[in-house]
Structure formats: structure tokens, C-alpha cells
Amino acid sequence: MFKVLVLQALYSLSDDQAEFQIQDRLSFMRFLGLGLADKVPDAKTIWLFREHLAEAGAIRNLFARFDKHLAKAGYLAMGGQIVDATVVTVPKQRNSEEEKAAIKAGEVPEAWKDKPGKLRQKDRDARWTVKFAKAKPAEDGKKRVDIAVPAFGYKNHIAIDRRHGFIRGWSRSNAAAYDGAQLPNVLDKQNTGSTVWADTAYRSKKNEEWLRENGFNSDIHRKKPKGKPMSERTARANARRSTIRSGVEHVFAHEKGPMGLVIRTIGIVRAEIKIGMANLAYNFRRFVWHQGRAASA
């Protein structure tokens with residue numbers, strides 16, 4: 001059953017799609033150890049197994065167990081770590097302004113209290129946020145307007161080790177949460193390197209003090225002074241940091257590209273196991289890739 005969840009994470013399959021694809025693909029059946037005459041778990045069984053894992057909070061223990069396996073295989077966390085976050089979308093909610101206000105206040109809207117069926121289909125943990133895409137200057141040098149894209153869902157916060165590129169620490173939050181607040185939750189204190197790279201969202205006085213107190217060396221991007229242009233020295237330093245920090249973007253590109261990471265469940269407890277399984281499945285693929293390189297060498 002756990003292998004079924006791995007397949008779902010690798011190929012972005014819903015429970016019904018997973019049931020169909022296992023019956024349809026011999027490669028999936030071989031991976032699961034099933035014969036042609038064996039019974040395939042149905043969508044309800046898959047859902048129930050994932051529910052039990054979510055209720056038990058087992059995904060973090062599973063993630064930690066594989067991290068120990070990586071260490072035994074020689075892939076120690078080395079070279080420092082790179083931190084970033086990305087928004088994972090969920091189906092959009094169509095709520096009134098009064099309902100939105102009640103949800104933000106942590107309350108159940110009055111209109112939903114007598115409708116348990118409707119309440120079960122409403123995600124009260126996910127939040128809206130706005131992602132900004134920097135617009136490149138026009139050919140004539142004029143500055144263009146940055147693009148703002150609204151998104152609804154959760155955030156996947158991760159820290160990867162620079163040497164091997166495995167996800168070593170992760171956490172989840174709603175999409176509107178401040179990235180910098182998750183820094184202590186994702187950093188791996190077992191990393192042999194002390195340097196931490198991250199973008200400007202993680203630079204704050206509180207985070208800098210926490211890093212110093214816990215033996216980390218901050219190489220986080222510096223912000224542009226308010227109302228002033230960024231100095232050439234700071235711009236060069238940020239460009240140097242970007243050459244290293246950009247490594248974490250490959251993780252998100254893989255999770256959202258080939259793996260097609262989205263969340264179809266409701267609530268942050270279920271979202272946690274979806275995000276955790278995606279991070280774990282990414283590490284599986286990364287491990288296979290490293291093993292293939294070692295074998296060919």
C-alpha cells in the first residue's frame with residue numbers, strides 16, 4: 001500500500017486513477033509485486049490507508065527513516081544547505097466575503113454549521129497568496145510592471161544539502177504564511193557544512209540571531225534599501241549567492257513538472273502527507289540517479 005502512495009506521488013495520480021493504472025500497467029503491477037490474478041486495491045482502500053497515515057502523523061517518521069538509509073549508503077548531508085518554499089495549489093474555494101472573514105478568524109461560517117456535507121468539502125486551512133514574477137526591462141530600457149499571480153493552497157518549505165541535493169528538512173504551511181518563520185523548522189543540524197543560503201524572504205534580525213546561536217553561517221540574500229538603489233557590491237554578492245541558491249529551484253521544477261505536484265485533498269493534515277510523500281518520492285528518484293552515476297563510473 002505504501003508503494004501505491006509512491007506511485008501516486010511520482011505520477012500525480014488520484015485514488016481512482018491509481019486503481020485504474022495499476023490494473024492497466026504491467027510495470028506498476030511488477031513494482032507492487034502483484035500478479036495478473038491478484039486483487040488490486042481499490043480507490044477506497046487507497047484513501048483509507050492514506051487517512052490512517054495522516055492521522056498517525058507517520059510521514060515524518062518515514063522521511064527520517066529514509067534519511068538514515070541515505071547516510072548509511074554514504075550520502076551524508078554535506079556542503080551546507082539551501083532553503084526555499086513553493087506554493088502547492090488546491091482546488092479554489094468559492095466563498096462569500098462573510099464566509100472568508102469567518103474562516104480567517106478560525107471560525108465556521110454560520111451557513112455551513114447545519115450543512116455537514118458542505119462543510120466537509122470546504123478547505124478552511126488553505127489560503128490565498130500572490131506570487132510576483134519579475135518583468136524584464138524593455139529593449140529601450142524602460143521598466144515594465146511586475147506580474148502578480150494569485151494562488152490558493154499551501155506551501156512546501158524545504159532545505160536541501162548542497163553536496164547531494166537531497167531534501168533534508170521540510171515543513172508545510174498555508175500559502176499566505178511568512179517563509180522566514182519556517183527557517184528553524186526545515187534546517188538540518190546534522191549537515192557537515194554550516195552555511196545557509198536563502199532568498200531575501202528569510203533575512204530578518206530574528207533569523208540572523210537564531211542562525212548565529214545555533215552555529216550556522218548566514219549567506220542569505222540582502223534586501224535592497226528602501227527608497228535607495230542597491231549598491232553594486234551588494235548586487236554582486238547577491239549574484240554570487242544566486243549561483244548556489246538556484247540549486248533548490250531544480251527540486252521544485254521536478255516536483256511540479258514530471259511529478260505534477262498538486263493537492264486534491266481537503267485540510268492541512270491531509271495536505272501534509274501529500275507534500276511529505278512528494279518530498280520523499282523526490283529523494284527516492286534522486287537516490288536512484290546518484291546510484292546510477294556511481295555504477296556507470
# chains A, B, ... in the order shown; residues from 1 in each chain; ligands from 1

$ residues_around --residues "stretch 101-104 of chain A" --least-positions-apart "2" --cutoff "10 Å" --atoms "only C-alpha atoms" --output "ChimeraX atom specification"
/A:95-99,106-110,123-127

$ residues_around --residues "stretch 235-242 of chain A" --least-positions-apart "6" --cutoff "9 Å" --atoms "only C-alpha atoms" --output "PDB file with N, CA and C atoms, in the first residue's frame"
ATOM      1  N   TRP A 197      22.007  29.128   2.588  1.00  0.00           N
ATOM      2  CA  TRP A 197      21.647  30.036   1.502  1.00  0.00           C
ATOM      3  C   TRP A 197      20.129  30.131   1.409  1.00  0.00           C
ATOM      4  N   ALA A 198      19.616  31.325   1.169  1.00  0.00           N
ATOM      5  CA  ALA A 198      18.174  31.531   1.018  1.00  0.00           C
ATOM      6  C   ALA A 198      17.945  32.898   0.389  1.00  0.00           C
ATOM      7  N   ASP A 199      16.721  33.158  -0.080  1.00  0.00           N
ATOM      8  CA  ASP A 199      16.434  34.457  -0.677  1.00  0.00           C
ATOM      9  C   ASP A 199      16.082  35.477   0.404  1.00  0.00           C
ATOM     10  N   ASP A 219      24.411  33.043   4.638  1.00  0.00           N
ATOM     11  CA  ASP A 219      24.751  33.608   3.324  1.00  0.00           C
ATOM     12  C   ASP A 219      23.447  33.912   2.584  1.00  0.00           C
ATOM     13  N   ILE A 220      22.498  34.495   3.326  1.00  0.00           N
ATOM     14  CA  ILE A 220      21.175  34.816   2.798  1.00  0.00           C
ATOM     15  C   ILE A 220      21.233  36.127   2.017  1.00  0.00           C
ATOM     16  N   HIS A 221      20.465  36.194   0.935  1.00  0.00           N
ATOM     17  CA  HIS A 221      20.428  37.398   0.102  1.00  0.00           C
ATOM     18  C   HIS A 221      20.096  38.639   0.940  1.00  0.00           C
ATOM     19  N   ARG A 222      20.714  39.731   0.582  1.00  0.00           N
ATOM     20  CA  ARG A 222      20.435  41.008   1.247  1.00  0.00           C
ATOM     21  C   ARG A 222      19.380  41.779   0.472  1.00  0.00           C
ATOM     22  N   LYS A 224      17.214  45.155  -0.838  1.00  0.00           N
ATOM     23  CA  LYS A 224      17.514  46.499  -1.333  1.00  0.00           C
ATOM     24  C   LYS A 224      17.031  47.533  -0.325  1.00  0.00           C
TER      25      LYS A 224
END

$ select_by_dssp --residues "stretch 131-233 of chain A" --states "strand (DSSP E)" --output "number ranges by chain"
A: 131-133, 147-161, 167-174, 195-197, 217-218

$ write_last_selection --atoms "C-alpha atoms" --output "compact mmCIF listing (two decimals), in the first residue's frame"
# COMPACT_ATOMS: atom_id res chain seq x y z
CA LYS A 131 3.14 35.39 -6.44
CA PHE A 132 5.12 38.13 -8.18
CA ALA A 133 7.05 37.47 -11.38
CA ILE A 147 3.22 40.33 -12.94
CA ALA A 148 1.11 39.35 -9.90
CA VAL A 149 -0.43 35.86 -9.99
CA PRO A 150 -2.95 34.87 -7.25
CA ALA A 151 -2.69 31.31 -5.94
CA PHE A 152 -4.71 29.29 -3.43
CA GLY A 153 -3.30 26.42 -1.41
CA TYR A 154 -0.37 25.52 0.80
CA LYS A 155 3.40 25.97 0.86
CA ASN A 156 6.10 23.33 0.74
CA HIS A 157 9.14 24.60 2.69
CA ILE A 158 12.33 22.59 2.12
CA ALA A 159 16.07 22.60 2.82
CA ILE A 160 18.41 20.61 0.56
CA ASP A 161 22.03 19.76 1.17
CA ILE A 167 15.71 17.21 0.72
CA ARG A 168 16.90 17.00 4.32
CA GLY A 169 14.23 19.02 6.10
CA TRP A 170 10.73 20.18 5.22
CA SER A 171 7.56 21.65 6.64
CA ARG A 172 4.17 22.76 5.37
CA SER A 173 2.03 25.84 5.94
CA ASN A 174 -0.81 27.68 4.28
CA THR A 195 26.44 27.79 5.59
CA VAL A 196 22.80 28.52 4.80
CA TRP A 197 21.65 30.04 1.50
CA ASN A 217 26.76 30.80 8.90
CA SER A 218 24.26 33.01 7.04

$ atom_distance --atom1 "atom CA of A:Met29" --atom2 "atom CA of A:Arg270"
26.1 Å

$ atom_distance --atom1 "atom CA of A:Pro229" --atom2 "atom CA of A:Thr129"
27.2 Å

$ residues_around --residues "A:Leu48" --least-positions-apart "5" --cutoff "12 Å" --atoms "only C-alpha atoms" --output "JSON, numbers by chain"
{"A": [1, 2, 5, 15, 41, 42, 43, 53, 54, 55, 270]}
